[in-house]
Amino acid sequence: MISVNELISNPVYNQKILVEGCIVIIDQKLWLIDLAHINNYPNSVKIRIINDNLKQILLNSVALYSGVTALFHDAKIIGYLSNDILSNQLDINVIELCIKDGNEWKHIDVNNFVKHIDMEEKRELDWHDLFK
């Protein structure tokens with residue numbers, strides 16, 4: 001397992017990588033920062049998490065913190081690294097994720113989807129509607 005700083009210094013493409021860091025929300029996007037830089041996380045080196053649905057899954061799955069960001073959790077990620085040529089930003093496509101929630105680690109199903117319900121179509125919702 002490597003740190004975010006190590007991965008940024010020596011990017012590895014076209015193979016699965018195992019990286020650990022801290023997942024935070026900055027500018028409404030998910031980022032992975034190095035554990036050594038959590039005190040200055042907005043300005044730290046970071047890798048953008050490109051899984052579109054993962055932010056909502058995490059917001060629904062782990063304890064949220066008040067303050068600047070609702071997510072601020074240690075994480076271990078398996079994924080594929082890419083480089084956005086236009087922005088020169090390193091991105092990671094997460095295929096497996098373990099996140100520390102309080103004192104325990106949770107495995108998050110990154111393939112889970114968020115079900116959107118059209119409120120005009122449904123007048124009365126019950127729990128069964130949410131989990132169909």
# chains A, B, ... in the order shown; residues from 1 in each chain; ligands from 1
$ select_by_dssp --residues "chain A" --states "helix (DSSP H, G or I)" --output "MDAnalysis selection string"
chainID A and resid 4:9 35:43 54:61 127:130
$ closest_atom_pairs --of "segment 30-70 of chain A" --to "segment 1-4 of chain A" --cutoff "8 Å" --atoms "only C-alpha atoms" --output "CSV"
residue,atom,partner,partner_atom,distance
A:Leu32,CA,A:Val4,CA,7.3
A:Ile33,CA,A:Val4,CA,6.2
A:Asp34,CA,A:Val4,CA,4.8
A:Leu35,CA,A:Ser3,CA,7.8
A:Lys46,CA,A:Val4,CA,7.1
A:Ile47,CA,A:Val4,CA,7.5
$ atom_distance --atom1 "atom CA of Lys76 of chain A" --atom2 "atom CA of Asn60 of chain A"
18.5 Å
$ residues_around --residues "segment 86-89 of chain A" --least-positions-apart "4" --cutoff "12 Å" --atoms "only C-alpha atoms" --output "list in words"
Ile8, Pro11, Trp31, Val45, Lys46, Ile47, Arg48, Ile49, Ile50, Leu81 and Ser82 of chain A
$ select_by_dssp --residues "chain A" --states "strand (DSSP E or B)" --output "PyMOL selection string"
chain A and resi 2-3+13+17-26+29-33+46-49+72-84+89-101+104-108
